[in-house]
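Participant: Following this message is one structure expressed as structure tokens.
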Amino acid sequence: MKPTFVTHTFAPIYDAHSKVLILGTFPSVKSRETDFYYGHPQNRFWKVLSAVCKAPLPETKQQKINFLLQHHIAIYDVVERCTITGSSDSSIKDVIPVNLQPILQTTGEIPIFANGATAQKLYQKYISPTLSYPIAKLPSTSPANATWRLDDLIVSWGKALQFLQQQ
């Protein structure tokens, strides 16, 4: 597979009631095919969030949007455009970062979490120099992060996002 220059094609999910922003790196091939976040069936993002929020697993794109807004979770990615090989985060180069200002102007100061080390690293390299919001790293829900079992992800994410459960 050869590297391709790709543009992020779907909008962030957020509203004025969002209490947390979770950032991935860049949509996988499967996510780009389904035109929505965490579209790979083996990605554990939706399972983790539904367990943390003690809510049914959303299945459709609209259910996922409703789930995020109902639980006050904003999501987006760090990278707007880049050169990438397949879905490999480690291959990302030629980065053009997203503009988080519209989200943060709407939500106010909210905690920002990276879904994995690469999202955190890219945020710190490309966004932090112009935006003074810290980011905390959560373990990646990607199927490539095989060292973390689903139950361990739920515990780790649950501790970080426990304030969402108190609504």
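By order of appearance in the structure tokens: chains A, B, ..., then residues from 1 within every chain, and ligands from 1 in the order shown.
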Near Asn66 of chain A, counting only C-alpha atoms, which residues have an atom at most 12 Å away, once you skip same-chain residues fewer than 5 positions from it, shown as a ChimeraX atom specification?

Facilitator: /A:13-15,55-61,71-74

Participant: Keeping N, CA and C atoms, export the residues of the selection given above as a JSON list (two decimals), in the first residue's frame.

Facilitator:
```
[["chain", "number", "residue", "atom", "x", "y", "z"],
["A", 13, "ILE", "N", -18.14, 16.33, 16.42],
["A", 13, "ILE", "CA", -19.42, 16.22, 17.12],
["A", 13, "ILE", "C", -19.26, 16.95, 18.45],
["A", 14, "TYR", "N", -20.08, 17.95, 18.67],
["A", 14, "TYR", "CA", -20.04, 18.72, 19.92],
["A", 14, "TYR", "C", -21.23, 19.65, 19.96],
["A", 15, "ASP", "N", -21.51, 20.17, 21.15],
["A", 15, "ASP", "CA", -22.48, 21.25, 21.31],
["A", 15, "ASP", "C", -22.09, 22.04, 22.57],
["A", 55, "ALA", "N", -24.57, 2.85, 29.28],
["A", 55, "ALA", "CA", -25.63, 3.07, 28.29],
["A", 55, "ALA", "C", -25.55, 1.99, 27.22],
["A", 56, "PRO", "N", -26.65, 1.76, 26.52],
["A", 56, "PRO", "CA", -26.63, 0.78, 25.44],
["A", 56, "PRO", "C", -25.62, 1.18, 24.34],
["A", 57, "LEU", "N", -25.06, 0.19, 23.70],
["A", 57, "LEU", "CA", -24.09, 0.40, 22.64],
["A", 57, "LEU", "C", -24.79, 1.02, 21.42],
["A", 58, "PRO", "N", -24.36, 2.21, 21.00],
["A", 58, "PRO", "CA", -24.98, 2.80, 19.80],
["A", 58, "PRO", "C", -24.50, 2.06, 18.56],
["A", 59, "GLU", "N", -25.40, 1.87, 17.60],
["A", 59, "GLU", "CA", -25.05, 1.09, 16.40],
["A", 59, "GLU", "C", -24.96, 1.98, 15.16],
["A", 60, "THR", "N", -25.94, 2.79, 14.92],
["A", 60, "THR", "CA", -25.97, 3.59, 13.69],
["A", 60, "THR", "C", -25.24, 4.92, 13.90],
["A", 61, "LYS", "N", -24.95, 5.57, 12.81],
["A", 61, "LYS", "CA", -24.29, 6.88, 12.88],
["A", 61, "LYS", "C", -25.14, 7.85, 13.71],
["A", 71, "HIS", "N", -24.48, 12.35, 26.33],
["A", 71, "HIS", "CA", -23.51, 12.15, 27.40],
["A", 71, "HIS", "C", -22.47, 13.26, 27.48],
["A", 72, "HIS", "N", -22.70, 14.33, 26.72],
["A", 72, "HIS", "CA", -21.87, 15.54, 26.78],
["A", 72, "HIS", "C", -20.43, 15.30, 26.38],
["A", 73, "ILE", "N", -20.25, 14.45, 25.35],
["A", 73, "ILE", "CA", -18.92, 14.10, 24.86],
["A", 73, "ILE", "C", -18.74, 14.70, 23.47],
["A", 74, "ALA", "N", -17.68, 15.46, 23.31],
["A", 74, "ALA", "CA", -17.30, 15.98, 21.99],
["A", 74, "ALA", "C", -16.18, 15.10, 21.44]]
```

Participant: I want to know what sits within 12 Å of His17 of chain A, based on only C-alpha atoms, with residues of the same chain fewer than 3 positions away left out; could you give that as a PDB file with C-alpha atoms, in the first residue's frame?

Facilitator:
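Saved to out_14.pdb:
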```pdb
ATOM      1  CA  ILE A  13     -19.424  16.222  17.116  1.00  0.00           C
ATOM      2  CA  TYR A  14     -20.038  18.718  19.922  1.00  0.00           C
ATOM      3  CA  VAL A  20     -15.083  16.676  27.477  1.00  0.00           C
ATOM      4  CA  LEU A  21     -13.307  16.559  24.109  1.00  0.00           C
ATOM      5  CA  LEU A  68     -22.247  11.598  22.326  1.00  0.00           C
ATOM      6  CA  LEU A  69     -24.474  14.640  22.711  1.00  0.00           C
ATOM      7  CA  GLN A  70     -26.629  12.998  25.394  1.00  0.00           C
ATOM      8  CA  HIS A  71     -23.515  12.147  27.404  1.00  0.00           C
ATOM      9  CA  HIS A  72     -21.874  15.543  26.777  1.00  0.00           C
ATOM     10  CA  ILE A  73     -18.921  14.102  24.862  1.00  0.00           C
ATOM     11  CA  ALA A  74     -17.304  15.984  21.988  1.00  0.00           C
ATOM     12  CA  ILE A 103     -15.296  23.728  19.374  1.00  0.00           C
ATOM     13  CA  LEU A 104     -13.680  25.442  22.366  1.00  0.00           C
ATOM     14  CA  GLN A 105     -15.485  28.714  21.697  1.00  0.00           C
ATOM     15  CA  THR A 106     -18.753  26.774  21.891  1.00  0.00           C
ATOM     16  CA  THR A 107     -17.909  24.489  24.816  1.00  0.00           C
ATOM     17  CA  GLY A 108     -15.683  26.766  26.863  1.00  0.00           C
ATOM     18  CA  GLU A 109     -12.698  25.278  28.676  1.00  0.00           C
ATOM     19  CA  ILE A 110     -13.269  21.546  28.882  1.00  0.00           C
ATOM     20  CA  LEU A 164     -19.449  12.086  33.098  1.00  0.00           C
ATOM     21  CA  GLN A 167     -24.785  13.653  35.594  1.00  0.00           C
TER      22      GLN A 167
END
```

Participant: Would you mind listing what lies within 9 Å of Pro143 of chain A as a PyMOL selection string, with only C-alpha atoms counted and same-chain residues fewer than 6 positions away left out?

Facilitator: chain A and resi 40+42-44

Participant: Taking N, CA, C and O atoms for each residue, export the selection above as a tab-separated table (two decimals), in the first residue's frame.

Facilitator:
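Dumped to selection-v6.tsv:
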```tsv
chain	number	residue	atom	x	y	z
A	40	HIS	N	-14.06	1.10	12.32
A	40	HIS	CA	-13.53	-0.26	12.24
A	40	HIS	C	-14.24	-1.13	13.27
A	40	HIS	O	-14.31	-0.77	14.45
A	42	GLN	N	-13.43	-3.64	14.88
A	42	GLN	CA	-12.59	-4.09	15.99
A	42	GLN	C	-12.16	-2.95	16.92
A	42	GLN	O	-11.58	-3.21	17.97
A	43	ASN	N	-12.42	-1.70	16.52
A	43	ASN	CA	-12.08	-0.59	17.41
A	43	ASN	C	-13.04	-0.63	18.59
A	43	ASN	O	-14.25	-0.77	18.42
A	44	ARG	N	-12.51	-0.46	19.77
A	44	ARG	CA	-13.31	-0.62	20.99
A	44	ARG	C	-13.87	0.69	21.55
A	44	ARG	O	-14.44	0.72	22.63
```

Participant: Here is a test: counting only C-alpha atoms, which residue of A:Leu49, A:Ala144, A:Leu23, A:Ile65 is nearest to Gly158 of chain A?

Facilitator: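 Residue with the minimum atom-to-atom distance to Gly158 of chain A: A:Leu49.
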
Participant: Can you list every residue in segment 19-52 of chain A that DSSP puts in helix (DSSP H, G or I), as a ChimeraX atom specification?

Facilitator: /A:29-34,45-52

Participant: Run DSSP on the backbone and grab whatever in chain A lands in strand (DSSP E); send it over as a PyMOL selection string.

Facilitator: chain A and resi 4-7+20-24+73-77+79-84+93-97+112-115+136-138

Participant: Can those selected residues be exported to a file as a short mmCIF file (atom, residue, chain, number, x, y, z; two decimals), in the first residue's frame so that it contains C-alpha atoms?

Facilitator:
```
data_model
loop_
_atom_site.label_atom_id
_atom_site.label_comp_id
_atom_site.auth_asym_id
_atom_site.auth_seq_id
_atom_site.Cartn_x
_atom_site.Cartn_y
_atom_site.Cartn_z
CA THR A 4 -1.79 8.89 0.12
CA PHE A 5 -2.55 12.53 0.92
CA VAL A 6 -5.99 12.47 2.54
CA THR A 7 -8.38 15.07 3.97
CA VAL A 20 -15.08 16.68 27.48
CA LEU A 21 -13.31 16.56 24.11
CA ILE A 22 -11.80 13.27 22.95
CA LEU A 23 -9.36 13.50 20.07
CA GLY A 24 -8.21 10.67 17.84
CA ILE A 73 -18.92 14.10 24.86
CA ALA A 74 -17.30 15.98 21.99
CA ILE A 75 -15.12 14.08 19.53
CA TYR A 76 -12.81 15.04 16.70
CA ASP A 77 -9.32 14.23 15.49
CA VAL A 79 -5.20 15.87 11.96
CA GLU A 80 -7.20 17.65 9.23
CA ARG A 81 -5.00 16.53 6.31
CA CYS A 82 -1.96 14.31 6.03
CA THR A 83 -0.08 11.74 4.07
CA ILE A 84 -0.88 8.28 5.47
CA LYS A 93 3.36 12.89 7.86
CA ASP A 94 2.76 16.22 6.09
CA VAL A 95 0.33 17.10 8.88
CA ILE A 96 -2.13 19.94 8.70
CA PRO A 97 -3.84 20.06 12.11
CA ILE A 112 -9.18 17.31 26.35
CA PHE A 113 -8.17 13.66 26.11
CA ALA A 114 -6.15 11.91 23.43
CA ASN A 115 -7.27 8.47 22.32
CA ALA A 136 -4.26 13.96 28.82
CA LYS A 137 -3.54 10.61 27.20
CA LEU A 138 -5.92 7.68 27.42
#
```

Participant: Considering only C-alpha atoms, return as a PyMOL selection string whatever protein or nucleic-acid residues lie within 8 Å of Asp89 of chain A, sequence-local ones (same chain, fewer than 6 positions apart) excluded.

Facilitator: chain A and resi 25-26+118

Participant: If you count only C-alpha atoms, which residues fall within 10 Å of Ser31 of chain A, apart from same-chain ones fewer than 5 positions away, as a ChimeraX atom specification?

Facilitator: /A:10,26,36-41,87

Participant: Got time to write the residues from that selection, N, CA and C atoms, as an mmCIF file, in the first residue's frame?

Facilitator:
```
data_model
loop_
_atom_site.group_PDB
_atom_site.id
_atom_site.type_symbol
_atom_site.label_atom_id
_atom_site.label_comp_id
_atom_site.auth_asym_id
_atom_site.auth_seq_id
_atom_site.Cartn_x
_atom_site.Cartn_y
_atom_site.Cartn_z
ATOM 1 N N PHE A 10 -15.344 14.384 7.733
ATOM 2 C CA PHE A 10 -16.562 14.545 8.527
ATOM 3 C C PHE A 10 -16.330 15.494 9.701
ATOM 4 N N PHE A 26 -6.458 10.462 13.221
ATOM 5 C CA PHE A 26 -7.011 10.686 11.879
ATOM 6 C C PHE A 26 -7.882 9.473 11.564
ATOM 7 N N PHE A 36 -17.676 8.076 9.394
ATOM 8 C CA PHE A 36 -17.890 8.419 10.792
ATOM 9 C C PHE A 36 -16.768 7.850 11.648
ATOM 10 N N TYR A 37 -16.657 8.401 12.838
ATOM 11 C CA TYR A 37 -15.598 8.064 13.774
ATOM 12 C C TYR A 37 -15.637 6.606 14.221
ATOM 13 N N TYR A 38 -14.446 6.029 14.354
ATOM 14 C CA TYR A 38 -14.260 4.702 14.912
ATOM 15 C C TYR A 38 -15.133 3.658 14.204
ATOM 16 N N GLY A 39 -15.008 3.644 12.888
ATOM 17 C CA GLY A 39 -15.822 2.766 12.051
ATOM 18 C C GLY A 39 -15.297 1.352 11.913
ATOM 19 N N HIS A 40 -14.060 1.100 12.322
ATOM 20 C CA HIS A 40 -13.527 -0.262 12.235
ATOM 21 C C HIS A 40 -14.239 -1.129 13.271
ATOM 22 N N PRO A 41 -14.791 -2.275 12.869
ATOM 23 C CA PRO A 41 -15.561 -3.093 13.818
ATOM 24 C C PRO A 41 -14.748 -3.587 15.014
ATOM 25 N N SER A 87 -4.207 2.813 7.317
ATOM 26 C CA SER A 87 -4.715 3.373 8.575
ATOM 27 C C SER A 87 -3.613 3.519 9.609
#
```

Participant: Could you please determine the separation between atom CA of Trp148 of chain A and atom CA of Glu33 of chain A in Å, to one decimal place?

Facilitator: 25.8 Å

Participant: Once you count only C-alpha atoms, what closest atom pair and distance in Å to one decimal does each residue of segment 49-133 of chain A within 10 Å of segment 149-155 of chain A have, with rows by chain and rising residue number, as a tab-separated table?

Facilitator:
```
residue	atom	partner	partner_atom	distance
A:Leu49	CA	A:Ile154	CA	7.7
A:Ser50	CA	A:Ile154	CA	9.3
A:Ala51	CA	A:Ile154	CA	6.7
A:Val52	CA	A:Ile154	CA	6.3
```

Participant: Quick check, in Å to one decimal: how far apart do atom CA of Cys53 of chain A and atom CA of Gln162 of chain A lie?

Facilitator: 8.8 Å
